[in-house]
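Just below is one structure, and these are the notes that go with it.
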Amino acid sequence: MSGPILIFDSGVGGLSVVKALREQMPGAPLAYVCDNAALPYGTKADAWLVQRIVQVCRAAVAASGARVLVVACNTASTLALDALRAQLSVPVVGTVPAIKPAAALSRSGVIGLLATSATVTRPYTDKLIHDFAGHCTVVRVAADGLVDQAERLLAGEPVDDAVLEAGLAPLWRAPTLDTVVLGCTHFPLLRDLLNARAPRPVQWVDSGSAIARRVAQVIDQYSHRSSTKRDESWATDADRFALIRCLPDYGFLPPQRLAVLENAD
Ligand code: DGL
């Protein structure tokens, strides 16, 4: 296999997974694509989203020549992994809420799931909870407002304290909750801000390092090389300020516009 590891998200959230990948596989060529013209995904209809995700990923795999696709988006993964695997010729690694490690870490057996409204209600999430957290109480919190706050933070804009507080508030109504799953890849980017607003110590758990380990298993470890070629990025709206500003901080060239062929099926 050759070509970069392609990381896909609706926006900047996948950069939390990029961070883990760069730590785990320094020197491995990466590429980034985000469908920011359709951001946020968490409030879109499922049928539209599946089609859109397949269209964007197909175009991005072709543009980047990727060897593997990392769907660094819980909202997309809990919905579209089967469709992507059926329609793409490269291996696909998904990102789903870290329910299993959180259930293992929690002492009280009360854990929170902080994610988009789509992810908290998906059958995929029901199954994760059923399979790995049957002995726990899981407080599901839809916090779509935090997605935009992460976008703002990475654009260097001020975040809105009231939105952060409101997003977290339902968690604190469970007095013994001690562990919170960051079930949206945008949320680890806000971890310090969220932690500063916790009224008591909690453990924040995300999927980044588990995804990086999985990617390392999937690709040929020995084909890693320190490439002299800069890592490229694509966006469906390449003019959005957040990306132009933050992608170079994560080691990518500024985004090129990704043209998406609608109704290509
Ligand atoms: N980063 C995405 C996730 O992990 C969702 C953000 C959005 O709503 O577009 O779920």
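FYI, nothing fancy with the structure tokens labels: chains A, B, ... in order, residues from 1 per chain, ligands from 1 as they appear.
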- Query: Among region 14-252 of chain A, which ones does DSSP place in alpha helix (DSSP H), written as an MDAnalysis selection string?
  - Reply: chainID A and resid 15:24 46:64 74:87 99:105 117:121 123:132 145:154 161:172 191:196 208:218 241:246
Return as a ChimeraX atom specification the residues of protein, DNA or RNA that approach ligand 1 to within 7 Å, with only C-alpha atoms and all ligand atoms taken into account. /A:9-11,13-14,39-43,72-76,115-116,119,144,147,183-186
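We find CA of Lys127 (chain A) and CA of Val90 (chain A) to be spaced 26.0 Å apart.
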Report as a Markdown table: every residue of region 37-58 of chain A with an atom at most 12 Å from region 233-243 of chain A, its closest pair of atoms, and their distance in Å to one decimal, counting only C-alpha atoms, with rows sorted by chain and ascending residue number.
| residue | atom | partner | partner_atom | distance |
| --- | --- | --- | --- | --- |
| A:Ala37 | CA | A:Asp237 | CA | 5.0 |
| A:Ala38 | CA | A:Thr236 | CA | 8.1 |
| A:Leu39 | CA | A:Asp237 | CA | 9.9 |
| A:Arg52 | CA | A:Thr236 | CA | 11.4 |
| A:Ile53 | CA | A:Thr236 | CA | 11.7 |
| A:Gln55 | CA | A:Thr236 | CA | 11.3 |
| A:Val56 | CA | A:Thr236 | CA | 8.3 |
| A:Cys57 | CA | A:Trp234 | CA | 10.9 |
N, CA, C and O atoms of the current selection, written as a compact mmCIF listing (two decimals), in the first residue's frame:
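And here's result_34.txt as it stands now:
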# COMPACT_ATOMS: atom_id res chain seq x y z
N ALA A 37 -18.54 22.55 4.07
CA ALA A 37 -19.70 23.19 3.42
C ALA A 37 -20.99 22.62 4.01
O ALA A 37 -22.04 23.27 3.96
N ALA A 38 -20.93 21.42 4.57
CA ALA A 38 -22.14 20.78 5.12
C ALA A 38 -22.10 20.71 6.65
O ALA A 38 -22.95 20.07 7.27
N LEU A 39 -21.14 21.36 7.27
CA LEU A 39 -21.03 21.37 8.74
C LEU A 39 -22.22 22.13 9.35
O LEU A 39 -22.54 23.20 8.82
N ARG A 52 -24.06 11.85 1.20
CA ARG A 52 -23.07 12.94 1.17
C ARG A 52 -21.69 12.43 1.61
O ARG A 52 -20.66 12.73 1.01
N ILE A 53 -21.69 11.66 2.71
CA ILE A 53 -20.42 11.16 3.26
C ILE A 53 -19.71 10.29 2.21
O ILE A 53 -18.50 10.40 2.00
N GLN A 55 -20.09 10.40 -1.04
CA GLN A 55 -19.64 11.25 -2.15
C GLN A 55 -18.34 11.98 -1.80
O GLN A 55 -17.39 12.02 -2.58
N VAL A 56 -18.30 12.56 -0.60
CA VAL A 56 -17.12 13.35 -0.20
C VAL A 56 -15.91 12.42 -0.05
O VAL A 56 -14.82 12.73 -0.53
N CYS A 57 -16.11 11.29 0.62
CA CYS A 57 -14.97 10.39 0.85
C CYS A 57 -14.46 9.80 -0.45
O CYS A 57 -13.25 9.66 -0.65
**Contacts of region 204-206 of chain A within 9 Å, only C-alpha atoms, excl. fewer than 5 positions in-chain, as a list in words** =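 In the requested format, the answer is Pro97, Ala98, Ile99, Pro101, Ala102, Asp178, Thr179, Val180, Val181, Leu182, Gly183, Cys184, Thr185, Phe187, Pro188, Arg191 and Asn195 of chain A.
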Take the residues from that selection and put them in a file with all heavy atoms, as a tab-separated table (two decimals), in the first residue's frame.
chain	number	residue	atom	x	y	z
A	97	PRO	N	-17.91	6.27	19.73
A	97	PRO	CA	-17.72	6.71	21.12
A	97	PRO	C	-17.02	5.65	21.99
A	97	PRO	O	-17.32	4.46	21.90
A	97	PRO	CB	-19.15	6.96	21.60
A	97	PRO	CG	-19.92	7.29	20.35
A	97	PRO	CD	-19.31	6.42	19.29
A	98	ALA	N	-16.10	6.13	22.83
A	98	ALA	CA	-15.25	5.25	23.65
A	98	ALA	C	-16.02	4.75	24.88
A	98	ALA	O	-15.58	4.90	26.02
A	98	ALA	CB	-13.99	6.00	24.06
A	99	ILE	N	-17.14	4.10	24.62
A	99	ILE	CA	-17.99	3.59	25.70
A	99	ILE	C	-17.27	2.48	26.48
A	99	ILE	O	-17.31	2.43	27.72
A	99	ILE	CB	-19.31	3.03	25.12
A	99	ILE	CG1	-20.13	4.14	24.44
A	99	ILE	CG2	-20.12	2.28	26.18
A	99	ILE	CD1	-20.76	5.14	25.37
A	101	PRO	N	-13.87	1.69	26.98
A	101	PRO	CA	-12.88	2.10	27.98
A	101	PRO	C	-13.48	2.92	29.11
A	101	PRO	O	-13.05	2.81	30.27
A	101	PRO	CB	-11.85	2.91	27.18
A	101	PRO	CG	-12.48	3.19	25.86
A	101	PRO	CD	-13.52	2.14	25.62
A	102	ALA	N	-14.48	3.73	28.81
A	102	ALA	CA	-15.08	4.56	29.86
A	102	ALA	C	-15.78	3.68	30.89
A	102	ALA	O	-15.66	3.91	32.11
A	102	ALA	CB	-16.07	5.55	29.25
A	178	ASP	N	-18.73	9.95	37.08
A	178	ASP	CA	-17.30	10.22	37.28
A	178	ASP	C	-16.47	10.14	35.99
A	178	ASP	O	-15.26	10.37	36.01
A	178	ASP	CB	-16.71	9.26	38.33
A	178	ASP	CG	-16.74	7.80	37.90
A	178	ASP	OD1	-17.26	7.50	36.80
A	178	ASP	OD2	-16.25	6.94	38.66
A	179	THR	N	-17.11	9.81	34.86
A	179	THR	CA	-16.38	9.61	33.61
A	179	THR	C	-17.23	10.14	32.46
A	179	THR	O	-18.44	9.90	32.44
A	179	THR	CB	-16.11	8.09	33.39
A	179	THR	OG1	-15.43	7.59	34.55
A	179	THR	CG2	-15.27	7.83	32.17
A	180	VAL	N	-16.60	10.87	31.54
A	180	VAL	CA	-17.35	11.43	30.41
A	180	VAL	C	-16.70	11.02	29.10
A	180	VAL	O	-15.50	11.26	28.89
A	180	VAL	CB	-17.41	12.98	30.48
A	180	VAL	CG1	-18.22	13.54	29.30
A	180	VAL	CG2	-18.00	13.46	31.81
A	181	VAL	N	-17.48	10.40	28.23
A	181	VAL	CA	-17.00	10.05	26.89
A	181	VAL	C	-17.15	11.27	25.98
A	181	VAL	O	-18.26	11.80	25.84
A	181	VAL	CB	-17.83	8.88	26.30
A	181	VAL	CG1	-17.38	8.56	24.88
A	181	VAL	CG2	-17.75	7.66	27.19
A	182	LEU	N	-16.04	11.70	25.39
A	182	LEU	CA	-16.10	12.78	24.41
A	182	LEU	C	-16.41	12.11	23.07
A	182	LEU	O	-15.50	11.70	22.34
A	182	LEU	CB	-14.79	13.56	24.39
A	182	LEU	CG	-14.45	14.29	25.72
A	182	LEU	CD1	-13.06	14.88	25.68
A	182	LEU	CD2	-15.50	15.36	26.02
A	183	GLY	N	-17.70	11.95	22.77
A	183	GLY	CA	-18.15	11.15	21.63
A	183	GLY	C	-18.33	11.94	20.35
A	183	GLY	O	-19.14	11.56	19.49
A	184	CYS	N	-17.60	13.01	20.24
A	184	CYS	CA	-17.56	13.81	19.01
A	184	CYS	C	-16.11	14.27	18.91
A	184	CYS	O	-15.54	14.75	19.91
A	184	CYS	CB	-18.50	15.01	19.11
A	184	CYS	SG	-18.24	16.25	17.82
A	185	THR	N	-15.50	14.13	17.74
A	185	THR	CA	-14.06	14.42	17.64
A	185	THR	C	-13.75	15.91	17.82
A	185	THR	O	-12.59	16.28	18.04
A	185	THR	CB	-13.50	13.93	16.29
A	185	THR	OG1	-14.32	14.45	15.23
A	185	THR	CG2	-13.48	12.41	16.23
A	187	PHE	N	-14.78	17.55	20.36
A	187	PHE	CA	-14.78	17.88	21.79
A	187	PHE	C	-13.41	17.75	22.48
A	187	PHE	O	-13.13	18.54	23.39
A	187	PHE	CB	-15.85	17.07	22.53
A	187	PHE	CG	-17.27	17.33	22.04
A	187	PHE	CD1	-18.33	16.54	22.47
A	187	PHE	CD2	-17.56	18.36	21.16
A	187	PHE	CE1	-19.63	16.78	22.04
A	187	PHE	CE2	-18.86	18.61	20.70
A	187	PHE	CZ	-19.89	17.81	21.14
A	188	PRO	N	-12.54	16.80	22.08
A	188	PRO	CA	-11.21	16.79	22.71
A	188	PRO	C	-10.44	18.10	22.48
A	188	PRO	O	-9.57	18.46	23.28
A	188	PRO	CB	-10.50	15.60	22.04
A	188	PRO	CG	-11.62	14.71	21.61
A	188	PRO	CD	-12.74	15.62	21.22
A	191	ARG	N	-11.07	20.13	25.46
A	191	ARG	CA	-10.95	19.41	26.72
A	191	ARG	C	-10.56	20.31	27.91
A	191	ARG	O	-11.19	20.25	28.97
A	191	ARG	CB	-9.93	18.27	26.60
A	191	ARG	CG	-9.83	17.39	27.84
A	191	ARG	CD	-8.64	16.47	27.74
A	191	ARG	NE	-8.70	15.68	26.54
A	191	ARG	CZ	-8.97	14.37	26.51
A	191	ARG	NH1	-9.18	13.71	27.62
A	191	ARG	NH2	-9.01	13.72	25.37
A	195	ASN	N	-12.90	20.83	31.09
A	195	ASN	CA	-12.42	20.40	32.40
A	195	ASN	C	-12.45	21.55	33.41
A	195	ASN	O	-12.80	21.35	34.58
A	195	ASN	CB	-11.00	19.84	32.26
A	195	ASN	CG	-10.57	19.08	33.48
A	195	ASN	OD1	-11.36	18.33	34.06
A	195	ASN	ND2	-9.35	19.29	33.92
Shortest contact to Val92 (chain A), candidates A:Leu194, A:Ile7, A:Leu105, A:Cys246, atoms counted only C-alpha atoms, goes to A:Ile7
Per-residue nearest contacts region 22-92 of chain A to region 250-261 of chain A, cut-off 12 Å, using only C-alpha atoms, as a tab-separated table:
residue	atom	partner	partner_atom	distance
A:Arg22	CA	A:Tyr250	CA	9.1
A:Glu23	CA	A:Tyr250	CA	11.7
A:Pro26	CA	A:Gly251	CA	11.4
A:Gly27	CA	A:Gly251	CA	10.8
A:Ala28	CA	A:Gly251	CA	11.6
A:Pro29	CA	A:Phe252	CA	10.2
A:Leu30	CA	A:Phe252	CA	8.3
A:Ala31	CA	A:Phe252	CA	7.5
A:Tyr32	CA	A:Phe252	CA	7.7
A:Val33	CA	A:Pro255	CA	8.2
A:Cys34	CA	A:Leu258	CA	8.9
A:Asp35	CA	A:Leu258	CA	8.7
A:Asn36	CA	A:Leu258	CA	10.5
A:Ala37	CA	A:Leu258	CA	10.2
A:Ala38	CA	A:Val260	CA	11.6
A:Gln51	CA	A:Leu261	CA	11.0
A:Arg52	CA	A:Val260	CA	8.8
A:Ile53	CA	A:Val260	CA	10.2
A:Val54	CA	A:Val260	CA	10.0
A:Gln55	CA	A:Val260	CA	6.3
A:Val56	CA	A:Val260	CA	5.8
A:Cys57	CA	A:Val260	CA	9.1
A:Arg58	CA	A:Val260	CA	8.7
A:Ala59	CA	A:Val260	CA	6.2
A:Ala60	CA	A:Leu258	CA	7.1
A:Val61	CA	A:Leu258	CA	10.8
A:Ala62	CA	A:Leu258	CA	10.5
A:Ala63	CA	A:Leu258	CA	8.1
A:Ser64	CA	A:Leu258	CA	10.4
key: Contacts of Tyr124 (chain A) at 9 Å (only C-alpha atoms; same-chain gap of 3+ positions) as a ChimeraX atom specification   = /A:78-79,96,119,121,127-129
Output the selection as a compact mmCIF listing (two decimals), in the first residue's frame - all heavy atoms for each residue.
# COMPACT_ATOMS: atom_id res chain seq x y z
N THR A 78 -20.98 6.24 13.04
CA THR A 78 -22.10 5.48 13.60
C THR A 78 -23.22 5.30 12.57
O THR A 78 -24.19 4.60 12.83
CB THR A 78 -22.66 6.15 14.87
OG1 THR A 78 -22.95 7.53 14.59
CG2 THR A 78 -21.68 6.06 16.03
N LEU A 79 -23.07 5.95 11.42
CA LEU A 79 -24.11 5.87 10.38
C LEU A 79 -23.62 5.19 9.10
O LEU A 79 -24.36 4.39 8.52
CB LEU A 79 -24.57 7.30 10.03
CG LEU A 79 -25.61 7.44 8.94
CD1 LEU A 79 -26.96 6.89 9.42
CD2 LEU A 79 -25.75 8.90 8.52
N VAL A 96 -15.78 5.64 16.84
CA VAL A 96 -17.08 5.56 17.54
C VAL A 96 -16.85 5.88 19.02
O VAL A 96 -15.72 5.80 19.51
CB VAL A 96 -17.74 4.17 17.34
CG1 VAL A 96 -17.99 3.91 15.86
CG2 VAL A 96 -16.94 3.05 17.96
N THR A 119 -25.46 11.25 17.11
CA THR A 119 -24.71 10.13 17.71
C THR A 119 -25.40 9.59 18.96
O THR A 119 -25.45 8.37 19.15
CB THR A 119 -23.27 10.57 18.02
OG1 THR A 119 -22.63 10.94 16.81
CG2 THR A 119 -22.47 9.46 18.69
N THR A 121 -28.40 9.23 19.68
CA THR A 121 -29.64 8.48 19.45
C THR A 121 -29.48 7.32 18.46
O THR A 121 -30.44 6.62 18.18
CB THR A 121 -30.74 9.42 18.89
OG1 THR A 121 -30.22 10.11 17.75
CG2 THR A 121 -31.15 10.45 19.94
N LYS A 127 -26.14 -0.12 20.68
CA LYS A 127 -25.48 -1.43 20.72
C LYS A 127 -24.16 -1.35 21.50
O LYS A 127 -23.85 -2.26 22.29
CB LYS A 127 -25.24 -1.92 19.28
CG LYS A 127 -24.67 -3.33 19.22
CD LYS A 127 -24.83 -3.94 17.86
CE LYS A 127 -24.17 -5.29 17.66
NZ LYS A 127 -23.48 -5.93 18.74
N LEU A 128 -23.40 -0.27 21.30
CA LEU A 128 -22.16 -0.11 22.06
C LEU A 128 -22.45 -0.14 23.56
O LEU A 128 -21.74 -0.79 24.34
CB LEU A 128 -21.50 1.24 21.74
CG LEU A 128 -20.65 1.39 20.48
CD1 LEU A 128 -20.15 2.83 20.37
CD2 LEU A 128 -19.46 0.43 20.53
N ILE A 129 -23.49 0.57 23.95
CA ILE A 129 -23.84 0.64 25.38
C ILE A 129 -24.31 -0.73 25.87
O ILE A 129 -23.90 -1.20 26.92
CB ILE A 129 -24.90 1.75 25.61
CG1 ILE A 129 -24.27 3.12 25.35
CG2 ILE A 129 -25.48 1.66 27.03
CD1 ILE A 129 -25.25 4.28 25.32
request  = Within region 20-219 of chain A, find each residue whose DSSP state, derived from the backbone, is strand (DSSP E or B), and express the selection as an MDAnalysis selection string.
outcome  = chainID A and resid 30:34 68:71 92:94 110:115 137:142 179:182 203:205
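The space separating CA of Ala103 (chain A) from CA of Cys136 (chain A) comes to 6.8 Å.
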